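Okay, final.txt now, which holds compact mmCIF, C-alpha atoms:
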# COMPACT_ATOMS: atom_id res chain seq x y z
CA MET A 185 0.00 0.00 0.00
CA GLY A 186 1.75 3.15 -1.17
CA ALA A 187 1.07 6.51 0.41
CA ASP A 188 -0.14 7.91 -2.93
CA ALA A 189 -2.86 5.23 -3.07
CA ALA A 190 -3.84 5.35 0.60
CA ALA A 191 -7.30 6.54 1.55
CA PHE A 192 -6.00 8.04 4.80
CA ASP A 193 -2.80 9.84 5.69
CA PRO A 194 -1.94 10.51 8.45
CA VAL A 195 -3.26 7.69 10.61
CA LEU A 196 -3.80 8.54 14.28
CA PHE A 197 -3.62 5.79 16.89
CA ASP A 198 -4.96 5.69 20.41
CA LEU A 199 -2.50 4.07 22.83
CA ASP A 200 -4.19 2.23 25.73
CA GLY A 201 -6.22 -0.69 24.41
CA THR A 202 -5.23 -0.05 20.80
CA LEU A 203 -1.44 -0.33 20.65
CA THR A 204 -0.92 -1.76 24.13
CA ASP A 205 -2.85 -3.62 26.80
CA PRO A 206 -2.20 -1.55 29.95
CA GLY A 207 -4.87 -3.29 32.05
CA PRO A 208 -2.93 -4.49 35.09
CA GLY A 209 -0.95 -1.28 35.51
CA ILE A 210 -3.94 1.03 35.30
CA THR A 211 -6.42 -1.02 37.35
CA ARG A 212 -3.91 -1.78 40.12
CA SER A 213 -2.89 1.87 40.30
CA ILE A 214 -6.53 2.98 40.58
CA GLY A 215 -7.05 0.38 43.31
CA HIS A 216 -3.94 1.65 45.11
CA SER A 217 -5.29 5.20 45.01
CA LEU A 218 -8.70 4.26 46.37
CA GLU A 219 -7.17 2.14 49.14
CA THR A 220 -4.81 4.99 50.07
CA TYR A 221 -7.82 7.13 50.99
CA GLY A 222 -9.87 4.36 52.56
CA ARG A 223 -12.21 3.89 49.62
CA PRO A 224 -13.60 0.50 48.57
CA VAL A 225 -12.03 -0.93 45.43
CA PRO A 226 -14.67 -1.76 42.79
CA PRO A 227 -14.68 -5.10 40.97
CA ASP A 228 -12.26 -5.59 38.10
CA SER A 229 -15.00 -5.09 35.50
CA GLU A 230 -15.58 -1.55 36.76
CA LEU A 231 -11.87 -0.80 36.96
CA ARG A 232 -11.29 -2.01 33.40
CA ALA A 233 -13.96 0.41 32.18
CA CYS A 234 -11.60 3.20 33.29
CA ILE A 235 -9.06 2.31 30.60
CA GLY A 236 -9.40 4.94 27.90
CA PRO A 237 -11.42 7.76 29.51
CA PRO A 238 -9.60 10.59 31.34
CA LEU A 239 -8.67 9.76 34.93
CA GLN A 240 -10.59 12.78 36.18
CA GLU A 241 -13.78 11.30 34.77
CA SER A 242 -13.19 7.91 36.38
CA PHE A 243 -12.34 9.23 39.84
CA ARG A 244 -15.31 11.60 39.82
CA ARG A 245 -17.53 8.59 39.24
CA PHE A 246 -15.93 6.56 42.04
CA LEU A 247 -15.98 9.45 44.54
CA GLY A 248 -19.60 10.37 43.86
CA ALA A 249 -20.79 13.17 46.12
CA ASP A 250 -17.25 13.64 47.46
CA ALA A 251 -15.78 14.36 44.02
CA ASP A 252 -14.66 17.96 44.48
CA ASP A 253 -11.63 19.09 42.48
CA ALA A 254 -9.22 18.74 45.40
CA ALA A 255 -10.29 15.17 46.19
CA VAL A 256 -10.04 14.13 42.55
CA GLU A 257 -6.52 15.57 42.30
CA ARG A 258 -5.44 13.79 45.51
CA HIS A 259 -6.59 10.47 44.08
CA ILE A 260 -4.87 11.13 40.77
CA GLU A 261 -1.61 11.90 42.55
CA ALA A 262 -1.87 8.66 44.57
CA TYR A 263 -2.58 6.81 41.33
CA ARG A 264 0.51 8.33 39.70
CA ASP A 265 2.72 7.55 42.69
CA ARG A 266 2.30 3.87 41.82
CA TYR A 267 1.80 4.18 38.08
CA ARG A 268 4.98 6.12 37.29
CA GLU A 269 7.16 3.61 39.18
CA ILE A 270 5.41 0.29 38.59
CA GLY A 271 2.14 0.46 36.68
CA ILE A 272 3.54 2.01 33.51
CA TYR A 273 5.51 -1.20 32.87
CA GLU A 274 2.61 -3.58 33.71
CA CYS A 275 1.67 -3.49 30.07
CA GLU A 276 1.97 -5.55 26.88
CA VAL A 277 2.08 -4.66 23.22
CA ILE A 278 -0.99 -5.91 21.33
CA PRO A 279 -0.06 -9.04 19.31
CA GLU A 280 0.39 -8.35 15.55
CA ILE A 281 0.16 -4.56 15.96
CA GLU A 282 3.90 -4.07 15.39
CA GLY A 283 3.71 -5.75 12.00
CA VAL A 284 0.78 -3.51 11.04
CA LEU A 285 2.64 -0.37 12.13
CA ALA A 286 5.73 -1.46 10.21
CA GLU A 287 3.77 -2.06 7.00
CA LEU A 288 1.89 1.23 7.26
CA ALA A 289 5.05 3.22 7.97
CA GLU A 290 7.07 1.46 5.29
CA SER A 291 4.35 2.28 2.75
CA GLY A 292 5.03 5.95 3.39
CA LEU A 293 2.11 6.82 5.66
CA THR A 294 2.58 9.19 8.57
CA LEU A 295 1.54 7.69 11.93
CA ARG A 296 0.89 9.60 15.15
CA VAL A 297 -0.12 8.55 18.65
CA VAL A 298 -3.07 10.54 20.02
CA THR A 299 -3.98 9.52 23.57
CA SER A 300 -5.73 10.95 26.62
CA LYS A 301 -2.80 9.64 28.69
CA PRO A 302 -0.41 12.44 29.72
CA THR A 303 2.25 12.93 27.05
CA VAL A 304 5.09 12.27 29.51
CA PHE A 305 3.72 8.77 30.26
CA ALA A 306 2.66 8.07 26.68
CA ARG A 307 6.15 8.83 25.40
CA GLU A 308 7.70 6.57 28.05
CA VAL A 309 5.40 3.67 27.08
CA VAL A 310 5.92 4.07 23.33
CA GLU A 311 9.70 4.30 23.71
CA HIS A 312 10.03 1.57 26.36
CA PHE A 313 8.12 -0.98 24.28
CA GLY A 314 9.97 -0.18 21.05
CA LEU A 315 7.11 1.45 19.15
CA ALA A 316 8.55 4.95 18.74
CA ARG A 317 10.35 4.19 15.46
CA TRP A 318 7.05 4.11 13.57
CA PHE A 319 5.57 7.37 14.84
CA ALA A 320 6.15 10.92 13.67
CA GLY A 321 4.69 12.33 16.87
CA ILE A 322 3.14 11.50 20.24
CA HIS A 323 0.30 13.71 21.40
CA GLY A 324 -1.27 13.37 24.84
CA SER A 325 -2.78 15.44 27.62
CA GLU A 326 -1.05 17.60 30.22
CA LEU A 327 -0.64 16.38 33.79
CA ASP A 328 -3.24 18.92 34.95
CA GLY A 329 -5.87 17.33 32.68
CA THR A 330 -5.63 19.84 29.83
CA ARG A 331 -6.66 18.14 26.55
CA ALA A 332 -7.54 14.87 28.31
CA ASP A 333 -10.85 15.08 26.44
CA LYS A 334 -10.35 13.38 23.05
CA GLN A 335 -12.36 15.99 21.16
CA ALA A 336 -10.16 18.81 22.43
CA LEU A 337 -7.00 16.78 21.94
CA LEU A 338 -7.79 15.92 18.32
CA ALA A 339 -8.69 19.53 17.57
CA HIS A 340 -5.31 20.53 18.99
CA VAL A 341 -3.45 17.92 16.92
CA VAL A 342 -5.21 18.93 13.69
CA ALA A 343 -4.37 22.58 14.33
CA CYS A 344 -0.79 22.27 15.52
CA GLU A 345 0.19 19.77 12.82
CA SER A 346 -1.79 21.58 10.08
CA LEU A 347 -3.61 18.36 9.15
CA ASP A 348 -6.43 17.93 6.66
CA ALA A 349 -9.01 16.28 8.92
CA LYS A 350 -10.81 14.69 5.96
CA ARG A 351 -7.62 12.76 5.16
CA CYS A 352 -7.12 11.52 8.73
CA ALA A 353 -8.24 8.26 10.32
CA MET A 354 -8.46 7.78 14.09
CA ILE A 355 -7.94 4.23 15.34
CA GLY A 356 -9.25 3.53 18.84
CA ASP A 357 -11.03 1.08 21.12
CA ARG A 358 -13.47 3.33 23.02
CA HIS A 359 -16.37 5.61 22.16
CA HIS A 360 -14.26 8.62 23.21
CA ASP A 361 -12.00 7.98 20.21
CA VAL A 362 -14.95 7.71 17.85
CA VAL A 363 -16.84 10.76 19.11
CA GLY A 364 -13.68 12.86 19.21
CA ALA A 365 -12.87 11.92 15.63
CA ILE A 366 -16.37 12.63 14.28
CA THR A 367 -16.51 15.99 16.05
CA ASN A 368 -13.33 17.00 14.24
CA GLY A 369 -14.27 15.65 10.81
CA ILE A 370 -11.91 12.66 11.11
CA THR A 371 -12.88 9.13 10.04
CA PRO A 372 -13.12 6.85 13.13
CA VAL A 373 -12.12 3.19 12.99
CA GLY A 374 -12.94 1.12 16.07
CA VAL A 375 -10.99 -1.94 17.23
CA LEU A 376 -12.28 -4.92 19.20
CA TRP A 377 -9.08 -6.09 20.92
CA GLY A 378 -9.21 -3.27 23.47
CA TYR A 379 -11.73 -2.25 26.13
CA GLY A 380 -14.79 -1.30 24.09
CA ASP A 381 -17.17 -3.70 22.36
CA ARG A 382 -18.82 -3.51 18.93
CA GLU A 383 -22.05 -2.10 20.35
CA GLU A 384 -20.22 0.78 22.04
CA LEU A 385 -18.17 1.63 18.96
CA GLU A 386 -20.97 1.38 16.41
CA ALA A 387 -23.38 3.34 18.62
CA ALA A 388 -20.77 6.11 18.79
CA GLY A 389 -20.58 6.16 14.99
CA ALA A 390 -17.48 4.16 14.02
CA ALA A 391 -17.13 3.99 10.24
CA ARG A 392 -15.61 0.53 10.48
CA VAL A 393 -14.77 -1.86 13.33
CA ALA A 394 -11.69 -4.09 13.09
CA ARG A 395 -11.76 -7.52 14.72
CA TYR A 396 -7.98 -7.97 14.65
CA PRO A 397 -4.98 -5.75 13.79
CA LEU A 398 -4.34 -7.06 10.27
CA GLU A 399 -7.79 -5.89 9.20
CA LEU A 400 -6.54 -2.32 9.58
CA LEU A 401 -4.41 -2.71 6.46
CA ASP A 402 -7.51 -3.24 4.33
CA PHE A 403 -9.61 -0.67 6.18
CA LEU A 404 -7.02 2.08 5.72
CA SER A 405 -6.61 1.47 1.99
CA ALA A 406 -10.28 2.05 1.11
CA PRO A 407 -12.39 5.16 1.76
CA ALA A 408 -15.04 5.09 4.45
CA THR A 409 -17.81 7.55 5.20
CA VAL A 410 -18.89 8.55 8.70

Just give me the structure as structure tokens.
Amino acid sequence: MGADAAAFDPVLFDLDGTLTDPGPGITRSIGHSLETYGRPVPPDSELRACIGPPLQESFRRFLGADADDAAVERHIEAYRDRYREIGIYECEVIPEIEGVLAELAESGLTLRVVTSKPTVFAREVVEHFGLARWFAGIHGSELDGTRADKQALLAHVVACESLDAKRCAMIGDRHHDVVGAITNGITPVGVLWGYGDREELEAAGAARVARYPLELLDFLSAPATV
């Protein structure tokens, strides 16, 4: 697939649940934070639902009526105390995704990571697991939560990189990726190996939904309409 024949260029990839499986590191770090402040730790199914959305959103849900800004920030800091030392490495690269990235990059396409995870952590993950060689840029949020919302983040990426949104595809596993893409005029492609299911992705408006990484090669070579 040459870049001149590609339907989409650049291709934007979510990180957690799309390029990597960060489940243990994120869920254990959330549990650590809740335990630090004497909160009950929800079942694993609820913790796994926190993979993808901004941390602020997840902790506000867990804290309920006690979710003032100061309490949310305390819990995020406790989360990061564990995550930055241990949790960030409790992660695995999605099987077959490296081959897909290699083929896309070698065909001349520009690839970028666009994730709600803070840029400092996203860059560490991408570099630590050997994925950085395929990406022209890594775009994430700020530690204070700025641009953690995928709509705002994608708008920022389109503007600062001077991208033609109609030529972009956003690959992600959660409805946040899909909604953020559609809002910015980007074609959303959902994936089923992460933390969202087909119902979630299609309800959000995904143009296509990939069952496994190799399907992305076909999806990205043919136009899709949102």

Rank A:Gly364, A:Pro194, A:Pro227, A:Gly321 by their smallest atom-to-atom distance to Arg212 in chain A, using all atoms listed in the file, and report the top residue only.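 That would be A:Pro227, the residue with the smallest distance to Arg212 in chain A.
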
Selection near range 230-234 of chain A, 8 Å with all atoms listed in the file, sequence-local residues under 6 positions removed, as a PDB file with C-alpha atoms, in the frame of the given file:
ATOM      1  CA  GLY A 207      -4.870  -3.290  32.050  1.00  0.00           C
ATOM      2  CA  THR A 211      -6.420  -1.020  37.350  1.00  0.00           C
ATOM      3  CA  ILE A 214      -6.530   2.980  40.580  1.00  0.00           C
ATOM      4  CA  SER A 242     -13.190   7.910  36.380  1.00  0.00           C
ATOM      5  CA  TYR A 379     -11.730  -2.250  26.130  1.00  0.00           C
TER       6      TYR A 379
END

Kindly indicate which residue among A:Ala251, A:Gly380, A:His259, A:Trp318 lies nearest to His216 in chain A, using only C-alpha atoms for the distances. A:His259

Show me, as a PyMOL selection string, the residues that have an atom within 9 Å of Val375 in chain A when counting all atoms listed in the file, minus same-chain residues fewer than 5 positions from it. chain A and resi 201-202+355-358+380-382+385+392-397+400

Could you check how far CA of Glu308 in chain A sits from CA of Glu290 in chain A, in Å to one decimal?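 Computing it gives 23.3 Å between the two atoms.
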
Could you name the residues that touch Leu203 in chain A at 10 Å or less, counting all atoms listed in the file, but leaving out those on the same chain fewer than 5 positions away, as a list in words?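 The contact residues come out as Phe197, Asp198, Glu276, Val277, Ile278, Pro279, Glu280, Ile281, Glu282, Leu285, Val297, Val310, Leu315, Ile355, Gly356, Asp357, Trp377, Gly378 and Pro397 of chain A.
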
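The space between CA of Leu404 in chain A and CA of Ala349 in chain A spans 14.7 Å.
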
Find, counting only C-alpha atoms, the residue in A:Ile272, A:Val225, A:Val341, A:Val284 that gets nearest to Leu401 in chain A. A:Val284

I'd like the neighbourhood of Ile366 in chain A as an mmCIF file with C-alpha atoms, in the coordinates of the input, where a residue qualifies if any of its atoms comes within 12 Å (using only C-alpha atoms), though same-chain residues fewer than 3 positions away should be ignored.
data_model
loop_
_atom_site.group_PDB
_atom_site.id
_atom_site.type_symbol
_atom_site.label_atom_id
_atom_site.label_comp_id
_atom_site.auth_asym_id
_atom_site.auth_seq_id
_atom_site.Cartn_x
_atom_site.Cartn_y
_atom_site.Cartn_z
ATOM 1 C CA LYS A 334 -10.350 13.380 23.050
ATOM 2 C CA GLN A 335 -12.360 15.990 21.160
ATOM 3 C CA ALA A 336 -10.160 18.810 22.430
ATOM 4 C CA LEU A 338 -7.790 15.920 18.320
ATOM 5 C CA ALA A 339 -8.690 19.530 17.570
ATOM 6 C CA ALA A 349 -9.010 16.280 8.920
ATOM 7 C CA LYS A 350 -10.810 14.690 5.960
ATOM 8 C CA CYS A 352 -7.120 11.520 8.730
ATOM 9 C CA ALA A 353 -8.240 8.260 10.320
ATOM 10 C CA MET A 354 -8.460 7.780 14.090
ATOM 11 C CA ILE A 355 -7.940 4.230 15.340
ATOM 12 C CA HIS A 359 -16.370 5.610 22.160
ATOM 13 C CA HIS A 360 -14.260 8.620 23.210
ATOM 14 C CA ASP A 361 -12.000 7.980 20.210
ATOM 15 C CA VAL A 362 -14.950 7.710 17.850
ATOM 16 C CA VAL A 363 -16.840 10.760 19.110
ATOM 17 C CA GLY A 369 -14.270 15.650 10.810
ATOM 18 C CA ILE A 370 -11.910 12.660 11.110
ATOM 19 C CA THR A 371 -12.880 9.130 10.040
ATOM 20 C CA PRO A 372 -13.120 6.850 13.130
ATOM 21 C CA VAL A 373 -12.120 3.190 12.990
ATOM 22 C CA ALA A 388 -20.770 6.110 18.790
ATOM 23 C CA GLY A 389 -20.580 6.160 14.990
ATOM 24 C CA ALA A 390 -17.480 4.160 14.020
ATOM 25 C CA ALA A 391 -17.130 3.990 10.240
ATOM 26 C CA THR A 409 -17.810 7.550 5.200
ATOM 27 C CA VAL A 410 -18.890 8.550 8.700
#

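If all atoms listed in the file are the atoms counted, then among A:Val304, A:Asp333, A:Pro226, A:Arg268 the closest residue to Arg245 in chain A is A:Pro226.
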
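Reported to one decimal place, the separation of CA of Ser300 in chain A from CA of Phe243 in chain A is 14.9 Å.
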
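Across A:Ser213, A:Thr204, A:Ser229, A:Asn368, the tightest approach to Ile260 in chain A is made by A:Ser213 when counting all atoms listed in the file.
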